[in-house]
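Engineer: One file: structure-v5.txt (compact mmCIF, C-alpha atoms and all ligand atoms).
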```
# COMPACT_ATOMS: atom_id res chain seq x y z
CA MET P 261 129.22 129.13 76.97
CA SER P 262 128.20 131.80 79.50
CA ILE P 263 127.77 130.80 83.14
CA GLN P 264 124.02 131.53 82.81
CA ASN P 265 123.77 129.23 79.80
CA GLU P 266 125.60 126.46 81.59
CA LEU P 267 123.27 126.84 84.58
CA VAL P 268 120.16 126.58 82.37
CA LYS P 269 121.66 123.55 80.60
CA ILE P 270 122.15 121.70 83.92
CA ALA P 271 118.69 122.72 85.20
CA LYS P 272 117.10 121.35 82.02
CA GLN P 273 119.20 118.19 82.32
CA CYS P 274 117.74 117.65 85.83
CA TYR P 275 114.27 117.89 84.32
CA ASP P 276 115.02 115.74 81.26
CA THR P 277 116.48 112.93 83.36
CA GLY P 278 113.58 113.00 85.83
CA LEU P 279 115.61 114.22 88.81
CA THR P 280 113.16 117.10 89.06
CA VAL P 281 109.44 117.13 88.31
CA GLY P 282 107.31 120.19 87.46
CA THR P 283 109.03 123.35 88.68
CA SER P 284 110.56 121.77 91.81
CA GLY P 285 114.27 121.89 92.50
CA ASN P 286 116.83 124.55 91.70
CA VAL P 287 120.41 124.95 90.58
CA SER P 288 123.04 127.56 91.36
CA VAL P 289 126.67 128.32 90.65
CA LYS P 290 129.12 130.71 92.32
CA GLU P 291 131.61 132.95 90.55
CA GLY P 292 133.67 135.36 92.62
CA ASN P 293 131.29 137.01 95.06
CA MET P 294 128.25 136.37 92.88
CA MET P 295 125.78 133.52 92.81
CA TYR P 296 123.72 132.67 89.73
CA ILE P 297 120.48 130.83 90.50
CA THR P 298 117.43 129.53 88.65
CA PRO P 299 114.15 131.44 89.12
CA SER P 300 111.17 130.32 91.18
CA ALA P 301 108.18 128.57 89.57
CA LEU P 302 109.26 128.75 85.92
CA PRO P 303 108.85 125.59 83.82
CA TYR P 304 112.25 124.21 82.85
CA ASN P 305 111.44 123.96 79.15
CA GLU P 306 110.75 127.72 79.05
CA MET P 307 113.90 128.73 80.90
CA THR P 308 116.56 130.79 79.11
CA GLU P 309 119.73 132.51 80.31
CA GLU P 310 117.74 135.77 80.73
CA ASP P 311 115.70 134.12 83.50
CA VAL P 312 118.79 133.46 85.63
CA LEU P 313 119.15 135.68 88.72
CA GLU P 314 122.45 137.14 89.84
CA VAL P 315 122.71 137.50 93.62
CA ASP P 316 125.43 139.33 95.56
CA LEU P 317 126.58 136.83 98.21
CA THR P 318 127.62 139.56 100.65
CA THR P 319 124.32 141.46 100.70
CA GLY P 320 122.00 138.68 99.55
CA GLU P 321 120.48 141.17 97.07
CA VAL P 322 119.47 140.34 93.51
CA VAL P 323 121.67 142.55 91.35
CA LYS P 324 120.51 141.30 87.96
CA GLY P 325 117.39 139.56 86.68
CA TYR P 326 113.72 140.39 86.73
CA ARG P 327 112.23 137.11 87.99
CA LYS P 328 111.69 135.94 91.55
CA PRO P 329 114.74 133.97 92.73
CA SER P 330 114.28 130.38 93.84
CA SER P 331 112.66 130.04 97.27
CA GLU P 332 115.72 128.10 98.39
CA THR P 333 118.04 131.08 97.79
CA PRO P 334 118.89 131.37 101.56
CA MET P 335 120.08 127.75 101.59
CA HIS P 336 122.28 128.25 98.51
CA THR P 337 123.84 131.47 99.87
CA SER P 338 124.47 129.89 103.30
CA ILE P 339 126.27 126.94 101.75
CA TYR P 340 128.50 129.16 99.59
CA LEU P 341 129.28 131.53 102.46
CA GLN P 342 130.22 128.72 104.83
CA LYS P 343 131.88 126.24 102.49
CA GLU P 344 134.62 127.97 100.51
CA ASN P 345 135.36 125.01 98.21
CA ILE P 346 131.75 124.62 97.02
CA LYS P 347 131.04 126.39 93.73
CA ALA P 348 127.85 124.69 92.49
CA ILE P 349 124.65 123.29 94.04
CA VAL P 350 121.93 121.09 92.58
CA HIS P 351 118.76 120.72 94.65
CA THR P 352 116.13 118.16 93.63
CA HIS P 353 113.20 116.20 95.04
CA SER P 354 114.30 113.05 93.17
CA THR P 355 111.96 110.23 94.11
CA TYR P 356 113.98 107.48 95.78
CA ALA P 357 116.32 109.81 97.62
CA THR P 358 113.30 111.77 98.84
CA ILE P 359 111.71 108.54 100.10
CA PHE P 360 114.76 108.17 102.41
CA ALA P 361 114.40 111.87 103.37
CA CYS P 362 110.72 111.33 104.25
CA ALA P 363 111.58 108.20 106.23
CA HIS P 364 114.35 110.14 108.06
CA LYS P 365 116.82 107.44 107.05
CA ALA P 366 120.33 108.08 105.74
CA ILE P 367 121.09 106.44 102.39
CA PRO P 368 123.44 103.57 103.31
CA PRO P 369 126.61 102.76 101.34
CA VAL P 370 125.22 99.78 99.41
CA HIS P 371 127.14 100.79 96.26
CA TYR P 372 130.73 102.02 96.02
CA THR P 373 129.74 105.12 93.98
CA ILE P 374 128.42 106.65 97.21
CA ALA P 375 132.08 107.46 97.89
CA ASP P 376 131.65 110.40 95.48
CA ILE P 377 129.34 111.83 98.16
CA GLY P 378 130.72 110.51 101.46
CA ARG P 379 130.27 107.47 103.73
CA GLU P 380 126.47 107.79 103.51
CA VAL P 381 123.97 110.51 102.65
CA ALA P 382 122.80 111.89 106.00
CA VAL P 383 119.43 113.52 106.72
CA ALA P 384 119.24 117.12 107.94
CA PRO P 385 116.38 117.77 110.43
CA TYR P 386 113.11 119.13 109.05
CA ALA P 387 112.57 122.86 108.68
CA ARG P 388 110.14 124.73 106.42
CA TYR P 389 111.25 125.09 102.80
CA GLY P 390 112.97 128.38 102.06
CA SER P 391 113.68 129.10 105.75
CA GLU P 392 116.95 130.21 107.36
CA GLN P 393 116.59 127.25 109.74
CA LEU P 394 116.59 124.85 106.80
CA ALA P 395 119.73 126.56 105.47
CA LYS P 396 121.39 126.12 108.89
CA TYR P 397 120.47 122.44 109.20
CA ALA P 398 121.59 121.71 105.63
CA VAL P 399 125.03 123.28 106.16
CA GLU P 400 125.51 121.56 109.55
CA THR P 401 124.52 118.11 108.35
CA LEU P 402 126.42 118.41 105.06
CA GLY P 403 129.75 118.70 106.91
CA ASP P 404 132.50 117.64 104.52
CA ALA P 405 130.23 115.44 102.41
CA ASN P 406 129.15 116.30 98.87
CA GLY P 407 125.46 115.72 99.43
CA VAL P 408 122.76 115.75 102.09
CA LEU P 409 119.08 114.85 102.40
CA LEU P 410 116.56 117.40 103.75
CA ALA P 411 113.96 115.67 105.94
CA ASN P 412 110.49 115.44 104.31
CA HIS P 413 111.80 117.48 101.39
CA GLY P 414 114.62 116.38 99.06
CA VAL P 415 118.27 116.34 98.12
CA VAL P 416 121.18 118.79 97.99
CA ALA P 417 124.27 117.87 95.95
CA VAL P 418 127.35 120.09 95.81
CA GLY P 419 130.60 120.34 93.89
CA SER P 420 133.35 122.57 92.60
CA THR P 421 131.66 122.59 89.18
CA LEU P 422 128.06 122.29 87.95
CA ALA P 423 128.96 118.98 86.29
CA ASP P 424 130.22 117.58 89.62
CA ALA P 425 127.11 118.72 91.53
CA TYR P 426 124.82 117.31 88.83
CA ARG P 427 126.65 113.95 88.73
CA ARG P 428 126.34 113.68 92.51
CA ALA P 429 122.61 114.45 92.42
CA GLU P 430 122.27 111.55 89.96
CA THR P 431 124.46 109.26 92.08
CA ILE P 432 122.44 110.00 95.23
CA GLU P 433 119.23 109.05 93.43
CA GLU P 434 120.83 105.91 91.98
CA VAL P 435 122.21 104.67 95.33
CA ALA P 436 118.87 105.46 97.01
CA LEU P 437 117.11 103.29 94.44
CA LEU P 438 119.62 100.46 94.98
CA ALA P 439 119.26 100.70 98.77
CA TYR P 440 115.48 100.78 98.47
CA GLY P 441 115.56 97.74 96.19
CA SER P 442 117.95 95.86 98.48
CA ASN P 443 115.60 96.53 101.35
CA THR P 444 112.71 95.17 99.28
CA LEU P 445 114.74 91.97 98.85
CA GLN P 446 115.30 92.09 102.62
CA SER P 447 119.06 92.03 102.18
CA VAL P 448 120.75 95.42 102.62
CA ASN P 449 124.52 94.91 102.53
CA PRO P 450 126.39 98.15 103.17
CA LEU P 451 130.11 98.24 102.39
CA THR P 452 132.35 97.71 105.42
CA ASP P 453 134.38 100.63 106.80
CA GLU P 454 137.49 99.26 105.09
CA GLU P 455 135.76 98.86 101.75
CA LEU P 456 134.41 102.39 102.06
CA ASP P 457 137.86 103.77 102.87
CA GLU P 458 139.21 102.19 99.69
CA ALA P 459 136.37 103.59 97.59
CA LEU P 460 136.75 107.07 99.16
CA GLU P 461 140.46 106.99 98.33
CA GLY P 462 139.65 106.20 94.72
CA PHE P 463 137.12 109.01 94.42
CA LYS P 464 139.57 111.62 95.74
CA THR P 465 141.10 111.83 92.27
CA TYR P 466 137.88 111.29 90.32
CA THR P 467 136.56 114.10 88.13
CA SER P 468 133.83 114.17 85.53
CA ASN P 469 136.18 115.28 82.74
ZN ZN N 501 112.97 121.84 97.41
```
What do you get writing this file as structure tokens?

Structural biologist:
Amino acid sequence: MSIQNELVKIAKQCYDTGLTVGTSGNVSVKEGNMMYITPSALPYNEMTEEDVLEVDLTTGEVVKGYRKPSSETPMHTSIYLQKENIKAIVHTHSTYATIFACAHKAIPPVHYTIADIGREVAVAPYARYGSEQLAKYAVETLGDANGVLLANHGVVAVGSTLADAYRRAETIEEVALLAYGSNTLQSVNPLTDEELDEALEGFKTYTSN
């Protein structure tokens, strides 16, 4: 399967599983010095590999593709340029995670699977969508974690493969729902630091294979 095909497959999966609604969200993958990214404002069910844009990470220029690249292209390029180990990014506005982003609250570690992301999912300060400032805040707040919330906006999940980034986008939404539900029951019970350390250790060797 070509890298463009794989990208379209993951983008459609985001739509099919409800992580993205309408034409929101975007997916990218890095190969060498190139980034492949989904186009702006194209319905997911119409997307084919020919709609994928190829962007040179050094110049930021589109070198292949005739559509308009996703408005969040600056955020994707910034993450790749500053985080060598990251090779794939899934950005969504998935509902429960975005509720935390709108409330400016980090998603707490109420379920051990959060260890695939980090100790929590932190919230990057608000900046307008598509802006360089948003890219800067996202990279800073991400740190060494595998996911971050964008205030009043949505979710960014990263990985060394598209499958890893996609799985983490799903996990972030799942843990957000569990934290939201726990709060509704007025009993949020985050894991202790020790319990989190154990879970983080376990996820070091976890892959989606
Ligand atoms: Zn967005």

Engineer: Please find the residues contacting ligand ZN 501 (chain N) at a distance of at most 10 Å between atoms, with all atoms listed in the file counted, and report them as a PyMOL selection string.

Structural biologist: chain P and resi 280+283-286+330-332+351-354+388-390+410+412-416

Engineer: Need the shell around Glu321 (chain P): protein/DNA/RNA residues with any atom at most 12 Å away, counting only C-alpha atoms. Skip same-chain ones fewer than 2 positions apart. Format as an MDAnalysis selection string?

Structural biologist: chainID P and resid 293:296 313:319 323:325 328:329 333:334 337

Engineer: Using all atoms listed in the file, which of P:Ala348, P:Val370, P:Ala357, P:Leu267 sits nearest Asp453 (chain P)?

Structural biologist: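 Distance minimum relative to Asp453 (chain P) lands on P:Val370.
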
Engineer: What is the CA of Asp404 (chain P) to CA of Ala425 (chain P) distance in Å?

Structural biologist: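 Going from CA of Asp404 (chain P) over to CA of Ala425 (chain P) covers 14.1 Å.
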
Engineer: Tell me, in Å to one decimal, how far CA of Lys269 (chain P) is from CA of Asp311 (chain P).

Structural biologist: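 Computed distance, CA of Lys269 (chain P) to CA of Asp311 (chain P), equals 12.5 Å.
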
Engineer: Near Glu433 (chain P), counting all atoms listed in the file, which residues have an atom at most 12 Å away, once you skip same-chain residues fewer than 6 positions from it, shown as a VMD selection string?

Structural biologist: chain P and resid 274 277 to 280 351 to 361 367 371 373 to 374 377 381 407 to 409 414 to 417 426 to 427 439 to 440

Engineer: Could you tell me which of P:Ala375, P:Val418, P:Ala301, P:Ala363 comes closest to Glu455 (chain P) if we count all atoms listed in the file?

Structural biologist: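 Between P:Ala375, P:Val418, P:Ala301, P:Ala363, the residue approaching Glu455 (chain P) most closely is P:Ala375.
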
Engineer: Using all atoms listed in the file, pick whichever of P:Cys362, P:Glu380, P:Ala398, P:Arg428 has the shortest atom-to-atom distance to Ala411 (chain P).

Structural biologist: P:Cys362

Engineer: Go ahead and compute the interatomic distance for CA of Glu461 (chain P) and CA of Arg379 (chain P), in Å to one decimal.

Structural biologist: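 If I compute the distance from CA of Glu461 (chain P) to CA of Arg379 (chain P), I get 11.5 Å.
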
Engineer: Using only C-alpha atoms, which residue out of P:Tyr304, P:Tyr326, P:Tyr372, P:Tyr275 lies closest to Leu451 (chain P)?

Structural biologist: P:Tyr372

Engineer: For Met335 (chain P), which of P:Val350, P:Val435, P:Ala423, P:Ala429 is the closest residue, counting only C-alpha atoms?

Structural biologist: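 Closest residue, counting only C-alpha atoms: P:Val350.
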
Engineer: Which of these, P:Ala271, P:Val281, P:Leu456, P:Ile339, has the shortest distance to Thr298 (chain P) once you count all atoms listed in the file?

Structural biologist: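 Checking each of P:Ala271, P:Val281, P:Leu456, P:Ile339 against Thr298 (chain P), counting all atoms listed in the file, the winner is P:Ala271.
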
Engineer: Since the input lacks some atoms of region 429-465 of chain P, please model N, CA and C atoms and print them as a tab-separated table (two decimals), keeping the file's coordinate frame.

Structural biologist:
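Wrote part.tsv, looks like this:
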```tsv
chain	number	residue	atom	x	y	z
P	429	ALA	N	124.07	114.53	92.24
P	429	ALA	CA	122.61	114.45	92.42
P	429	ALA	C	122.10	113.16	91.79
P	430	GLU	N	122.66	112.81	90.64
P	430	GLU	CA	122.27	111.55	89.96
P	430	GLU	C	122.70	110.34	90.77
P	431	THR	N	123.93	110.38	91.30
P	431	THR	CA	124.46	109.26	92.08
P	431	THR	C	123.62	109.03	93.34
P	432	ILE	N	123.25	110.13	94.00
P	432	ILE	CA	122.44	110.00	95.23
P	432	ILE	C	121.12	109.29	94.91
P	433	GLU	N	120.50	109.68	93.80
P	433	GLU	CA	119.23	109.05	93.43
P	433	GLU	C	119.44	107.57	93.10
P	434	GLU	N	120.51	107.28	92.39
P	434	GLU	CA	120.83	105.91	91.98
P	434	GLU	C	121.07	105.01	93.21
P	435	VAL	N	121.90	105.49	94.15
P	435	VAL	CA	122.21	104.67	95.33
P	435	VAL	C	120.96	104.52	96.21
P	436	ALA	N	120.13	105.57	96.25
P	436	ALA	CA	118.87	105.46	97.01
P	436	ALA	C	117.99	104.37	96.42
P	437	LEU	N	117.92	104.33	95.10
P	437	LEU	CA	117.11	103.29	94.44
P	437	LEU	C	117.67	101.90	94.75
P	438	LEU	N	118.99	101.76	94.71
P	438	LEU	CA	119.62	100.46	94.98
P	438	LEU	C	119.39	100.04	96.44
P	439	ALA	N	119.48	101.01	97.35
P	439	ALA	CA	119.26	100.70	98.77
P	439	ALA	C	117.79	100.33	99.01
P	440	TYR	N	116.92	101.06	98.36
P	440	TYR	CA	115.48	100.78	98.47
P	440	TYR	C	115.18	99.38	97.95
P	441	GLY	N	115.76	99.06	96.79
P	441	GLY	CA	115.56	97.74	96.19
P	441	GLY	C	116.13	96.63	97.05
P	442	SER	N	117.33	96.87	97.61
P	442	SER	CA	117.95	95.86	98.48
P	442	SER	C	117.07	95.59	99.70
P	443	ASN	N	116.48	96.67	100.20
P	443	ASN	CA	115.60	96.53	101.35
P	443	ASN	C	114.35	95.73	100.99
P	444	THR	N	113.88	95.92	99.76
P	444	THR	CA	112.71	95.17	99.28
P	444	THR	C	113.04	93.67	99.23
P	445	LEU	N	114.29	93.37	98.89
P	445	LEU	CA	114.74	91.97	98.85
P	445	LEU	C	115.16	91.49	100.24
P	446	GLN	N	114.97	92.37	101.22
P	446	GLN	CA	115.30	92.09	102.62
P	446	GLN	C	116.76	91.68	102.81
P	447	SER	N	117.64	92.33	102.05
P	447	SER	CA	119.06	92.03	102.18
P	447	SER	C	119.89	93.27	101.85
P	448	VAL	N	119.93	94.20	102.79
P	448	VAL	CA	120.75	95.42	102.62
P	448	VAL	C	122.15	95.10	103.10
P	449	ASN	N	123.13	95.27	102.19
P	449	ASN	CA	124.52	94.91	102.53
P	449	ASN	C	125.45	96.10	102.35
P	450	PRO	N	125.50	96.99	103.33
P	450	PRO	CA	126.39	98.15	103.17
P	450	PRO	C	127.85	97.71	103.11
P	451	LEU	N	128.68	98.52	102.42
P	451	LEU	CA	130.11	98.24	102.39
P	451	LEU	C	130.65	98.35	103.82
P	452	THR	N	131.72	97.60	104.10
P	452	THR	CA	132.35	97.71	105.42
P	452	THR	C	133.14	99.02	105.47
P	453	ASP	N	133.58	99.41	106.66
P	453	ASP	CA	134.38	100.63	106.80
P	453	ASP	C	135.62	100.58	105.93
P	454	GLU	N	136.27	99.41	105.91
P	454	GLU	CA	137.49	99.26	105.09
P	454	GLU	C	137.19	99.41	103.61
P	455	GLU	N	136.14	98.77	103.17
P	455	GLU	CA	135.76	98.86	101.75
P	455	GLU	C	135.40	100.29	101.37
P	456	LEU	N	134.75	100.98	102.31
P	456	LEU	CA	134.41	102.39	102.06
P	456	LEU	C	135.66	103.26	101.99
P	457	ASP	N	136.61	103.01	102.89
P	457	ASP	CA	137.86	103.77	102.87
P	457	ASP	C	138.54	103.65	101.52
P	458	GLU	N	138.59	102.42	101.00
P	458	GLU	CA	139.21	102.19	99.69
P	458	GLU	C	138.49	102.97	98.59
P	459	ALA	N	137.16	102.90	98.62
P	459	ALA	CA	136.37	103.59	97.59
P	459	ALA	C	136.55	105.11	97.70
P	460	LEU	N	136.57	105.62	98.95
P	460	LEU	CA	136.75	107.07	99.16
P	460	LEU	C	138.10	107.52	98.62
P	461	GLU	N	139.11	106.68	98.84
P	461	GLU	CA	140.46	106.99	98.33
P	461	GLU	C	140.42	107.12	96.80
P	462	GLY	N	139.75	106.18	96.18
P	462	GLY	CA	139.65	106.20	94.72
P	462	GLY	C	138.93	107.44	94.19
P	463	PHE	N	137.91	107.87	94.90
P	463	PHE	CA	137.12	109.01	94.42
P	463	PHE	C	137.79	110.36	94.67
P	464	LYS	N	138.85	110.37	95.48
P	464	LYS	CA	139.57	111.62	95.74
P	464	LYS	C	140.10	112.22	94.44
P	465	THR	N	140.48	111.36	93.52
P	465	THR	CA	141.10	111.83	92.27
P	465	THR	C	140.12	111.77	91.11
```
